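For reference, run00.cif is printed below; it contains mmCIF, C-alpha atoms.
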data_structure
loop_
_atom_site.group_PDB
_atom_site.id
_atom_site.type_symbol
_atom_site.label_atom_id
_atom_site.label_comp_id
_atom_site.auth_asym_id
_atom_site.auth_seq_id
_atom_site.Cartn_x
_atom_site.Cartn_y
_atom_site.Cartn_z
ATOM 1 C CA MET A 1 -32.409 -55.424 76.074
ATOM 2 C CA LYS A 2 -29.081 -55.730 77.882
ATOM 3 C CA GLN A 3 -27.565 -54.950 74.513
ATOM 4 C CA ALA A 4 -29.001 -51.427 74.684
ATOM 5 C CA VAL A 5 -25.865 -50.393 76.583
ATOM 6 C CA TYR A 6 -24.048 -50.303 73.213
ATOM 7 C CA VAL A 7 -25.897 -47.106 72.349
ATOM 8 C CA VAL A 8 -23.340 -45.341 74.563
ATOM 9 C CA PRO A 9 -20.106 -46.297 72.739
ATOM 10 C CA GLY A 10 -21.986 -45.759 69.476
ATOM 11 C CA LEU A 11 -22.900 -42.237 70.533
ATOM 12 C CA LEU A 12 -19.274 -41.463 71.385
ATOM 13 C CA PHE A 13 -18.096 -42.889 68.054
ATOM 14 C CA GLY A 14 -20.638 -40.744 66.188
ATOM 15 C CA VAL A 15 -19.403 -37.612 67.945
ATOM 16 C CA PHE A 16 -15.761 -38.537 67.192
ATOM 17 C CA LEU A 17 -16.504 -39.150 63.506
ATOM 18 C CA TYR A 18 -18.302 -35.824 63.210
ATOM 19 C CA LYS A 19 -15.807 -33.697 65.134
ATOM 20 C CA SER A 20 -12.794 -35.250 63.377
ATOM 21 C CA GLU A 21 -14.326 -34.522 59.930
ATOM 22 C CA VAL A 22 -13.866 -38.187 58.996
ATOM 23 C CA ILE A 23 -17.397 -37.968 57.574
ATOM 24 C CA SER A 24 -16.364 -35.196 55.175
ATOM 25 C CA TRP A 25 -16.353 -36.210 51.497
ATOM 26 C CA TYR A 26 -13.515 -33.711 50.979
ATOM 27 C CA ARG A 27 -11.291 -35.411 53.579
ATOM 28 C CA ILE A 28 -11.582 -38.741 51.759
ATOM 29 C CA GLN A 29 -10.588 -37.096 48.455
ATOM 30 C CA GLU A 30 -7.638 -35.503 50.230
ATOM 31 C CA MET A 31 -6.634 -38.881 51.666
ATOM 32 C CA PHE A 32 -6.668 -40.666 48.309
ATOM 33 C CA ARG A 33 -4.639 -37.775 46.862
ATOM 34 C CA PHE A 34 -2.037 -38.092 49.672
ATOM 35 C CA GLU A 35 -2.305 -34.342 50.281
ATOM 36 C CA SER A 36 -2.773 -34.241 54.052
ATOM 37 C CA ILE A 37 -1.802 -36.224 57.099
ATOM 38 C CA HIS A 38 -5.315 -35.831 58.522
ATOM 39 C CA MET A 39 -6.891 -39.219 57.702
ATOM 40 C CA TYR A 40 -3.598 -41.129 57.939
ATOM 41 C CA GLY A 41 -2.930 -39.630 61.360
ATOM 42 C CA ILE A 42 -6.400 -40.596 62.556
ATOM 43 C CA ILE A 43 -6.318 -44.168 61.248
ATOM 44 C CA GLY A 44 -2.664 -44.643 62.238
ATOM 45 C CA LEU A 45 -3.158 -43.499 65.825
ATOM 46 C CA ALA A 46 -6.426 -45.423 66.121
ATOM 47 C CA VAL A 47 -4.581 -48.595 65.045
ATOM 48 C CA LEU A 48 -1.724 -47.851 67.449
ATOM 49 C CA VAL A 49 -4.118 -47.446 70.393
ATOM 50 C CA GLY A 50 -5.920 -50.596 69.230
ATOM 51 C CA VAL A 51 -2.709 -52.658 69.004
ATOM 52 C CA ILE A 52 -1.613 -51.631 72.499
ATOM 53 C CA SER A 53 -5.097 -52.267 73.956
ATOM 54 C CA VAL A 54 -5.485 -55.701 72.388
ATOM 55 C CA TYR A 55 -1.967 -56.630 73.528
ATOM 56 C CA LEU A 56 -2.647 -55.559 77.121
ATOM 57 C CA ILE A 57 -6.069 -57.239 77.230
ATOM 58 C CA LYS A 58 -4.569 -60.529 75.969
ATOM 59 C CA ARG A 59 -1.446 -60.233 78.112
ATOM 60 C CA PHE A 60 -3.414 -59.814 81.327
ATOM 61 C CA GLN A 61 -6.324 -62.019 80.220
ATOM 62 C CA VAL A 62 -8.862 -59.394 81.209
ATOM 63 C CA SER A 63 -12.505 -60.496 81.283
ATOM 64 C CA ALA A 64 -15.303 -58.406 79.822
ATOM 65 C CA ALA A 65 -17.824 -56.648 82.060
ATOM 66 C CA ASN A 66 -20.472 -59.208 81.107
ATOM 67 C CA GLY A 67 -18.256 -61.998 82.413
ATOM 68 C CA GLU A 68 -17.139 -63.315 79.020
ATOM 69 C CA ASP A 69 -13.478 -63.990 78.341
ATOM 70 C CA VAL A 70 -12.133 -61.603 75.742
ATOM 71 C CA ASP A 71 -10.979 -63.428 72.638
ATOM 72 C CA VAL A 72 -9.909 -61.992 69.297
ATOM 73 C CA PRO A 73 -10.208 -64.791 66.728
ATOM 74 C CA ASP A 74 -8.014 -64.714 63.617
ATOM 75 C CA LYS A 75 -9.678 -63.587 60.405
ATOM 76 C CA VAL A 76 -8.824 -66.387 57.989
ATOM 77 C CA PHE A 77 -7.693 -65.151 54.567
ATOM 78 C CA HIS A 78 -9.962 -65.630 51.581
ATOM 79 C CA HIS A 79 -9.877 -64.056 48.123
ATOM 80 C CA GLY A 80 -12.804 -61.833 49.030
ATOM 81 C CA ASN A 81 -10.422 -59.864 51.247
ATOM 82 C CA TRP A 82 -8.739 -58.277 48.267
ATOM 83 C CA ILE A 83 -11.478 -58.493 45.640
ATOM 84 C CA GLY A 84 -14.121 -57.151 48.004
ATOM 85 C CA GLY A 85 -11.550 -54.721 49.390
ATOM 86 C CA ILE A 86 -10.986 -53.161 45.963
ATOM 87 C CA ILE A 87 -14.755 -52.938 45.393
ATOM 88 C CA PHE A 88 -15.238 -51.333 48.803
ATOM 89 C CA GLY A 89 -12.399 -48.855 48.158
ATOM 90 C CA MET A 90 -14.069 -47.701 44.942
ATOM 91 C CA GLY A 91 -17.309 -47.104 46.826
ATOM 92 C CA TRP A 92 -15.476 -45.289 49.622
ATOM 93 C CA ALA A 93 -13.867 -42.880 47.142
ATOM 94 C CA LEU A 94 -17.189 -42.263 45.369
ATOM 95 C CA THR A 95 -19.402 -41.723 48.408
ATOM 96 C CA GLY A 96 -16.684 -40.279 50.643
ATOM 97 C CA ALA A 97 -18.249 -42.332 53.398
ATOM 98 C CA CYS A 98 -17.684 -45.796 54.801
ATOM 99 C CA PRO A 99 -20.505 -47.365 56.845
ATOM 100 C CA GLY A 100 -19.806 -45.599 60.188
ATOM 101 C CA PRO A 101 -19.784 -42.127 58.623
ATOM 102 C CA MET A 102 -22.950 -42.956 56.637
ATOM 103 C CA PHE A 103 -24.885 -43.353 59.872
ATOM 104 C CA THR A 104 -23.230 -40.255 61.367
ATOM 105 C CA HIS A 105 -24.374 -38.255 58.326
ATOM 106 C CA LEU A 106 -27.901 -39.520 58.920
ATOM 107 C CA GLY A 107 -27.854 -38.099 62.456
ATOM 108 C CA ALA A 108 -26.158 -34.895 61.316
ATOM 109 C CA GLY A 109 -28.998 -34.206 58.896
ATOM 110 C CA THR A 110 -27.428 -35.023 55.508
ATOM 111 C CA SER A 111 -30.773 -36.294 54.210
ATOM 112 C CA ILE A 112 -29.439 -37.485 50.842
ATOM 113 C CA ILE A 113 -27.369 -40.102 52.716
ATOM 114 C CA VAL A 114 -30.586 -42.163 52.950
ATOM 115 C CA VAL A 115 -30.082 -42.979 49.262
ATOM 116 C CA VAL A 116 -26.484 -44.053 49.916
ATOM 117 C CA ILE A 117 -27.477 -46.246 52.873
ATOM 118 C CA LEU A 118 -30.281 -47.910 50.906
ATOM 119 C CA SER A 119 -27.823 -48.547 48.064
ATOM 120 C CA ALA A 120 -25.343 -50.029 50.531
ATOM 121 C CA LEU A 121 -28.063 -52.334 51.882
ATOM 122 C CA ALA A 122 -28.872 -53.369 48.305
ATOM 123 C CA GLY A 123 -25.158 -54.070 47.772
ATOM 124 C CA THR A 124 -24.912 -56.208 50.887
ATOM 125 C CA TRP A 125 -28.081 -58.089 49.951
ATOM 126 C CA THR A 126 -26.776 -58.694 46.410
ATOM 127 C CA TYR A 127 -23.486 -60.012 47.788
ATOM 128 C CA SER A 128 -25.388 -62.322 50.132
ATOM 129 C CA TYR A 129 -27.447 -63.643 47.217
ATOM 130 C CA LEU A 130 -24.465 -64.136 44.880
ATOM 131 C CA ARG A 131 -22.120 -65.426 47.585
ATOM 132 C CA PRO A 132 -22.162 -69.114 46.561
ATOM 133 C CA LYS A 133 -21.091 -68.141 43.024
ATOM 134 C CA LEU A 134 -18.272 -65.752 43.987
ATOM 135 C CA PRO A 135 -14.618 -66.767 44.483
ATOM 136 C CA HIS A 136 -13.569 -66.842 48.135
ATOM 137 C CA MET B 1 -15.010 -24.493 75.378
ATOM 138 C CA SER B 2 -13.549 -23.300 72.079
ATOM 139 C CA TYR B 3 -12.047 -26.714 71.363
ATOM 140 C CA LEU B 4 -15.585 -28.102 71.271
ATOM 141 C CA SER B 5 -16.717 -25.726 68.542
ATOM 142 C CA GLN B 6 -13.644 -26.369 66.381
ATOM 143 C CA PRO B 7 -13.049 -29.595 64.472
ATOM 144 C CA TRP B 8 -10.775 -31.865 66.500
ATOM 145 C CA PRO B 9 -7.216 -32.356 65.245
ATOM 146 C CA TRP B 10 -6.197 -35.804 64.018
ATOM 147 C CA TYR B 11 -3.916 -36.463 66.968
ATOM 148 C CA VAL B 12 -6.877 -36.070 69.333
ATOM 149 C CA ALA B 13 -9.512 -37.855 67.238
ATOM 150 C CA GLY B 14 -7.301 -40.816 66.220
ATOM 151 C CA PRO B 15 -6.609 -42.131 69.743
ATOM 152 C CA LEU B 16 -10.250 -41.555 70.768
ATOM 153 C CA ILE B 17 -11.459 -43.628 67.814
ATOM 154 C CA GLY B 18 -8.862 -46.286 68.678
ATOM 155 C CA LEU B 19 -10.307 -46.535 72.178
ATOM 156 C CA MET B 20 -13.497 -47.982 70.667
ATOM 157 C CA VAL B 21 -11.560 -51.266 70.296
ATOM 158 C CA PRO B 22 -10.908 -51.883 74.013
ATOM 159 C CA LEU B 23 -14.197 -50.271 75.046
ATOM 160 C CA LEU B 24 -16.228 -52.829 73.060
ATOM 161 C CA LEU B 25 -13.971 -55.744 74.024
ATOM 162 C CA LEU B 26 -14.207 -54.859 77.697
ATOM 163 C CA LEU B 27 -17.939 -54.165 77.696
ATOM 164 C CA GLY B 28 -18.897 -57.534 76.268
ATOM 165 C CA ASN B 29 -16.159 -59.114 74.116
ATOM 166 C CA LYS B 30 -17.522 -57.334 71.021
ATOM 167 C CA LYS B 31 -15.390 -56.768 67.940
ATOM 168 C CA PHE B 32 -15.429 -53.238 66.566
ATOM 169 C CA GLY B 33 -16.986 -53.209 63.096
ATOM 170 C CA ILE B 34 -19.847 -51.391 61.404
ATOM 171 C CA SER B 35 -20.494 -53.031 58.033
ATOM 172 C CA SER B 36 -21.892 -56.223 59.592
ATOM 173 C CA THR B 37 -24.846 -54.070 60.632
ATOM 174 C CA LEU B 38 -25.836 -53.822 56.963
ATOM 175 C CA ARG B 39 -26.080 -57.621 56.850
ATOM 176 C CA GLN B 40 -28.070 -57.518 60.083
ATOM 177 C CA VAL B 41 -30.641 -55.164 58.549
ATOM 178 C CA CYS B 42 -30.877 -57.331 55.421
ATOM 179 C CA ALA B 43 -31.354 -60.459 57.554
ATOM 180 C CA ALA B 44 -34.027 -58.758 59.656
ATOM 181 C CA CYS B 45 -35.943 -57.103 56.818
ATOM 182 C CA VAL B 46 -35.443 -59.048 53.556
ATOM 183 C CA PRO B 47 -33.979 -62.516 54.281
ATOM 184 C CA ALA B 48 -35.859 -63.935 51.250
ATOM 185 C CA GLY B 49 -34.502 -67.420 51.851
ATOM 186 C CA VAL B 50 -30.895 -66.417 51.122
ATOM 187 C CA PRO B 51 -28.695 -68.790 53.178
ATOM 188 C CA PHE B 52 -26.159 -66.059 54.113
ATOM 189 C CA LEU B 53 -29.024 -64.051 55.620
ATOM 190 C CA LYS B 54 -30.564 -66.942 57.560
ATOM 191 C CA TYR B 55 -28.945 -66.735 60.964
ATOM 192 C CA ASP B 56 -29.902 -65.581 64.439
ATOM 193 C CA TRP B 57 -29.437 -61.859 63.842
ATOM 194 C CA LYS B 58 -31.153 -61.019 67.129
ATOM 195 C CA ALA B 59 -28.299 -62.658 69.013
ATOM 196 C CA GLU B 60 -25.978 -60.078 67.459
ATOM 197 C CA SER B 61 -28.278 -57.111 67.871
ATOM 198 C CA TRP B 62 -25.722 -55.230 69.970
ATOM 199 C CA ASN B 63 -24.403 -53.703 66.767
ATOM 200 C CA LEU B 64 -27.842 -52.353 65.855
ATOM 201 C CA PHE B 65 -27.850 -50.467 69.164
ATOM 202 C CA PHE B 66 -24.309 -49.347 68.398
ATOM 203 C CA VAL B 67 -25.484 -47.877 65.082
ATOM 204 C CA VAL B 68 -28.454 -46.166 66.753
ATOM 205 C CA GLY B 69 -25.870 -44.592 69.053
ATOM 206 C CA ILE B 70 -23.818 -43.402 66.065
ATOM 207 C CA ILE B 71 -26.898 -41.706 64.597
ATOM 208 C CA ILE B 72 -27.658 -40.006 67.933
ATOM 209 C CA GLY B 73 -23.996 -38.975 68.246
ATOM 210 C CA GLY B 74 -24.066 -37.402 64.785
ATOM 211 C CA PHE B 75 -27.226 -35.525 65.725
ATOM 212 C CA LEU B 76 -25.931 -34.289 69.082
ATOM 213 C CA ALA B 77 -22.546 -33.187 67.734
ATOM 214 C CA SER B 78 -23.996 -31.360 64.735
ATOM 215 C CA THR B 79 -26.654 -29.693 66.897
ATOM 216 C CA PHE B 80 -24.714 -28.666 70.006
ATOM 217 C CA ILE B 81 -21.052 -28.551 68.958
ATOM 218 C CA PRO B 82 -21.200 -28.084 65.169
ATOM 219 C CA ASN B 83 -18.169 -27.480 62.956
ATOM 220 C CA THR B 84 -19.166 -24.124 61.524
ATOM 221 C CA ASN B 85 -16.379 -23.400 59.028
ATOM 222 C CA ASP B 86 -15.694 -25.105 55.709
ATOM 223 C CA VAL B 87 -13.607 -28.253 56.085
ATOM 224 C CA ALA B 88 -9.986 -27.048 56.046
ATOM 225 C CA ILE B 89 -8.735 -29.304 53.272
ATOM 226 C CA SER B 90 -5.251 -28.789 51.887
ATOM 227 C CA GLU B 91 -4.671 -26.292 49.070
ATOM 228 C CA PRO B 92 -3.613 -28.896 46.470
ATOM 229 C CA THR B 93 -6.817 -30.885 47.068
ATOM 230 C CA ARG B 94 -8.910 -27.728 46.831
ATOM 231 C CA ALA B 95 -7.204 -26.761 43.579
ATOM 232 C CA ALA B 96 -7.687 -30.239 42.118
ATOM 233 C CA LEU B 97 -11.380 -30.282 43.024
ATOM 234 C CA LEU B 98 -11.806 -26.766 41.595
ATOM 235 C CA ALA B 99 -10.260 -28.008 38.354
ATOM 236 C CA GLN B 100 -12.894 -30.775 38.382
ATOM 237 C CA GLY B 101 -15.625 -28.154 38.584
ATOM 238 C CA ILE B 102 -16.358 -28.211 42.318
ATOM 239 C CA THR B 103 -16.703 -24.563 43.340
ATOM 240 C CA GLU B 104 -18.725 -24.830 46.560
ATOM 241 C CA PHE B 105 -16.820 -26.198 49.539
ATOM 242 C CA GLY B 106 -19.407 -25.682 52.270
ATOM 243 C CA GLY B 107 -20.842 -28.477 54.383
ATOM 244 C CA LEU B 108 -19.685 -32.067 54.595
ATOM 245 C CA VAL B 109 -20.437 -33.099 51.016
ATOM 246 C CA PRO B 110 -20.220 -31.133 47.741
ATOM 247 C CA VAL B 111 -23.847 -30.159 47.073
ATOM 248 C CA GLN B 112 -23.180 -29.733 43.344
ATOM 249 C CA ILE B 113 -22.718 -33.486 42.914
ATOM 250 C CA PHE B 114 -23.965 -34.903 46.228
ATOM 251 C CA SER B 115 -27.564 -33.805 46.880
ATOM 252 C CA TRP B 116 -31.176 -34.611 46.006
ATOM 253 C CA GLN B 117 -30.915 -32.207 43.045
ATOM 254 C CA ALA B 118 -27.840 -34.041 41.724
ATOM 255 C CA LEU B 119 -29.368 -37.506 42.103
ATOM 256 C CA GLY B 120 -30.749 -37.441 38.563
ATOM 257 C CA THR B 121 -27.391 -36.539 36.992
ATOM 258 C CA LEU B 122 -24.911 -39.168 35.823
ATOM 259 C CA ASN B 123 -22.244 -38.067 38.306
ATOM 260 C CA GLY B 124 -24.715 -37.849 41.168
ATOM 261 C CA PHE B 125 -26.042 -41.332 40.390
ATOM 262 C CA LEU B 126 -22.505 -42.756 40.234
ATOM 263 C CA LEU B 127 -21.405 -41.125 43.484
ATOM 264 C CA MET B 128 -24.436 -41.867 45.612
ATOM 265 C CA VAL B 129 -26.204 -44.926 44.190
ATOM 266 C CA VAL B 130 -23.351 -46.874 42.578
ATOM 267 C CA GLY B 131 -20.912 -45.757 45.295
ATOM 268 C CA GLY B 132 -23.248 -46.837 48.074
ATOM 269 C CA PHE B 133 -23.866 -50.192 46.386
ATOM 270 C CA LEU B 134 -20.107 -50.834 46.070
ATOM 271 C CA VAL B 135 -19.581 -49.988 49.758
ATOM 272 C CA GLY B 136 -22.259 -52.476 50.802
ATOM 273 C CA PHE B 137 -21.214 -55.215 48.372
ATOM 274 C CA GLY B 138 -17.472 -54.795 48.837
ATOM 275 C CA SER B 139 -17.415 -54.540 52.615
ATOM 276 C CA ARG B 140 -19.334 -57.770 53.091
ATOM 277 C CA TYR B 141 -17.301 -59.572 50.387
ATOM 278 C CA ALA B 142 -14.083 -58.354 52.038
ATOM 279 C CA GLY B 143 -15.392 -59.343 55.467
ATOM 280 C CA GLY B 144 -15.243 -55.840 56.927
ATOM 281 C CA CYS B 145 -14.863 -52.137 56.288
ATOM 282 C CA THR B 146 -12.640 -49.389 57.653
ATOM 283 C CA SER B 147 -13.587 -50.162 61.247
ATOM 284 C CA GLY B 148 -13.544 -53.959 61.064
ATOM 285 C CA HIS B 149 -10.441 -54.391 58.902
ATOM 286 C CA ALA B 150 -8.410 -51.160 59.016
ATOM 287 C CA ILE B 151 -8.842 -50.575 62.757
ATOM 288 C CA MET B 152 -9.966 -53.773 64.533
ATOM 289 C CA GLY B 153 -8.214 -56.122 62.100
ATOM 290 C CA LEU B 154 -4.914 -54.249 62.040
ATOM 291 C CA ALA B 155 -5.112 -53.715 65.825
ATOM 292 C CA SER B 156 -5.133 -57.501 66.231
ATOM 293 C CA LEU B 157 -2.387 -57.915 63.585
ATOM 294 C CA GLN B 158 -4.479 -59.860 61.043
ATOM 295 C CA SER B 159 -2.683 -60.297 57.730
ATOM 296 C CA SER B 160 -6.012 -60.772 55.921
ATOM 297 C CA SER B 161 -7.041 -57.317 57.158
ATOM 298 C CA LEU B 162 -3.840 -55.779 55.829
ATOM 299 C CA ILE B 163 -4.605 -57.335 52.434
ATOM 300 C CA ALA B 164 -8.153 -55.904 52.592
ATOM 301 C CA VAL B 165 -6.846 -52.433 53.484
ATOM 302 C CA ILE B 166 -4.410 -52.525 50.554
ATOM 303 C CA GLY B 167 -7.438 -53.446 48.434
ATOM 304 C CA PHE B 168 -9.343 -50.427 49.813
ATOM 305 C CA PHE B 169 -6.549 -48.177 48.599
ATOM 306 C CA VAL B 170 -6.201 -49.835 45.205
ATOM 307 C CA GLY B 171 -9.918 -49.258 44.616
ATOM 308 C CA GLY B 172 -9.944 -45.731 46.029
ATOM 309 C CA LEU B 173 -6.851 -44.598 44.137
ATOM 310 C CA PHE B 174 -8.325 -45.958 40.914
ATOM 311 C CA ILE B 175 -11.506 -43.903 41.369
ATOM 312 C CA VAL B 176 -9.789 -40.682 42.446
ATOM 313 C CA HIS B 177 -6.909 -40.714 39.955
ATOM 314 C CA VAL B 178 -8.403 -42.497 36.943
ATOM 315 C CA VAL B 179 -12.195 -42.262 37.065
ATOM 316 C CA TYR B 180 -12.748 -38.767 38.497
ATOM 317 C CA PRO B 181 -10.551 -36.998 35.907
ATOM 318 C CA VAL B 182 -12.616 -38.611 33.135
ATOM 319 C CA LEU B 183 -15.949 -38.092 34.875
ATOM 320 C CA MET B 184 -15.666 -34.477 36.002
#

Any chance you could put this one into structure tokens?
Amino acid sequence: MKQAVYVVPGLLFGVFLYKSEVISWYRIQEMFRFESIHMYGIIGLAVLVGVISVYLIKRFQVSAANGEDVDVPDKVFHHGNWIGGIIFGMGWALTGACPGPMFTHLGAGTSIIVVVILSALAGTWTYSYLRPKLPH
Amino acid sequence: MSYLSQPWPWYVAGPLIGLMVPLLLLLGNKKFGISSTLRQVCAACVPAGVPFLKYDWKAESWNLFFVVGIIIGGFLASTFIPNTNDVAISEPTRAALLAQGITEFGGLVPVQIFSWQALGTLNGFLLMVVGGFLVGFGSRYAGGCTSGHAIMGLASLQSSSLIAVIGFFVGGLFIVHVVYPVLM
């Protein structure tokens, strides 16, 4: 149950996603139409803060609170990165929600999101089943 | 307190979201990413002998707690500090959506095409059921979603994540600029 501590960062992330309107279907349409800085500003600054943090953590070899060394392993390229990426992007534009926002919607009372989450689970399960047959 | 009742501007929300990366690394060397939770739920509930779902999901259960937190955060924010006005999307986007027949801009999703009532329509089915399926299938195939690739992956300068993010946009632009005009 030590892992229960991760409820706290999750809670913060849920509040951020709600208050920033990242969970709004309209904001995702706006992003893919290049008609506002909103989503680009959010993702861009999040990446910037992430780059600086990862650099500093590696530079000073900071350990995690649980005593583990922090390591950020490389994600090795495979063809799923772009094929799956295109498939994911189509789903993102249709639902207006990537996985984080889906769960935020659930808490915020968008009851229909249950259908979207169940469909996403079905998609993940189907990928898992077909995985040996798909190009990677 | 007024800033709490307004939506937060991008230059406030962006850095806060970025701080999830060091927060998770420093708490327990965890890599920010949400879509792996979908695999976790599949492995816990319907493994069905699929090799990709046969692993020690309990060892990685931190991300299930993380998702529970996200749900609670969505509940708390919408209950105690809700965004009360319509989402202030740009005029060109509003005009384009109007031209596609969307006339109600209240809430977080367009109820005309994104609701229980719309589920039985072709557009509603495509948006919610097909869209959700593609998110779940594509994110696992790509090895991550917006959090895992676009934020965590780019934050650690992974070229495979950049390729995935370009893929996200190729797919999204295709839907918004090619499929929606035909559909709506």

When you look at segment 37-54 of chain B with a cut-off of 10 Å (counting all atoms listed in the file), what residues show up, excluding the ones that are within fewer than 3 positions of it in the same chain? I need them as a PDB file with C-alpha atoms, in the frame of the given file.
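The new file selection-v1.pdb reads:
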ATOM      1  CA  PRO A  99     -20.505 -47.365  56.845  1.00  0.00           C
ATOM      2  CA  GLY A 100     -19.806 -45.599  60.188  1.00  0.00           C
ATOM      3  CA  ILE A 117     -27.477 -46.246  52.873  1.00  0.00           C
ATOM      4  CA  LEU A 118     -30.281 -47.910  50.906  1.00  0.00           C
ATOM      5  CA  ALA A 120     -25.343 -50.029  50.531  1.00  0.00           C
ATOM      6  CA  LEU A 121     -28.063 -52.334  51.882  1.00  0.00           C
ATOM      7  CA  ALA A 122     -28.872 -53.369  48.305  1.00  0.00           C
ATOM      8  CA  GLY A 123     -25.158 -54.070  47.772  1.00  0.00           C
ATOM      9  CA  THR A 124     -24.912 -56.208  50.887  1.00  0.00           C
ATOM     10  CA  TRP A 125     -28.081 -58.089  49.951  1.00  0.00           C
ATOM     11  CA  THR A 126     -26.776 -58.694  46.410  1.00  0.00           C
ATOM     12  CA  TYR A 127     -23.486 -60.012  47.788  1.00  0.00           C
ATOM     13  CA  SER A 128     -25.388 -62.322  50.132  1.00  0.00           C
ATOM     14  CA  TYR A 129     -27.447 -63.643  47.217  1.00  0.00           C
ATOM     15  CA  LEU A 130     -24.465 -64.136  44.880  1.00  0.00           C
ATOM     16  CA  ARG A 131     -22.120 -65.426  47.585  1.00  0.00           C
ATOM     17  CA  PRO A 132     -22.162 -69.114  46.561  1.00  0.00           C
TER      18      PRO A 132
ATOM     19  CA  GLY B  33     -16.986 -53.209  63.096  1.00  0.00           C
ATOM     20  CA  ILE B  34     -19.847 -51.391  61.404  1.00  0.00           C
ATOM     21  CA  TRP B  57     -29.437 -61.859  63.842  1.00  0.00           C
ATOM     22  CA  LYS B  58     -31.153 -61.019  67.129  1.00  0.00           C
ATOM     23  CA  GLU B  60     -25.978 -60.078  67.459  1.00  0.00           C
ATOM     24  CA  SER B  61     -28.278 -57.111  67.871  1.00  0.00           C
ATOM     25  CA  TRP B  62     -25.722 -55.230  69.970  1.00  0.00           C
ATOM     26  CA  ASN B  63     -24.403 -53.703  66.767  1.00  0.00           C
ATOM     27  CA  LEU B  64     -27.842 -52.353  65.855  1.00  0.00           C
ATOM     28  CA  PHE B  65     -27.850 -50.467  69.164  1.00  0.00           C
ATOM     29  CA  PHE B  66     -24.309 -49.347  68.398  1.00  0.00           C
ATOM     30  CA  VAL B  67     -25.484 -47.877  65.082  1.00  0.00           C
ATOM     31  CA  GLY B 136     -22.259 -52.476  50.802  1.00  0.00           C
ATOM     32  CA  PHE B 137     -21.214 -55.215  48.372  1.00  0.00           C
ATOM     33  CA  SER B 139     -17.415 -54.540  52.615  1.00  0.00           C
ATOM     34  CA  ARG B 140     -19.334 -57.770  53.091  1.00  0.00           C
TER      35      ARG B 140
END

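Between atom CA of Gly101 of chain B and atom CA of Arg33 of chain A there is a distance of 16.8 Å.
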
Show me, as JSON, the centre and edge lengths in Å to one decimal of the axis-aligned box that covers every listed atom of segment 145-153 of chain B with 4 Å on each side.
{"center_x": -11.5, "center_y": -52.8, "center_z": 60.4, "size_x": 14.6, "size_y": 14.7, "size_z": 16.2}

**Asked** By how many Å are atom CA of Glu104 of chain B and atom CA of Ile43 of chain A apart?
**Response**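 Between atom CA of Glu104 of chain B and atom CA of Ile43 of chain A the gap is 27.3 Å.
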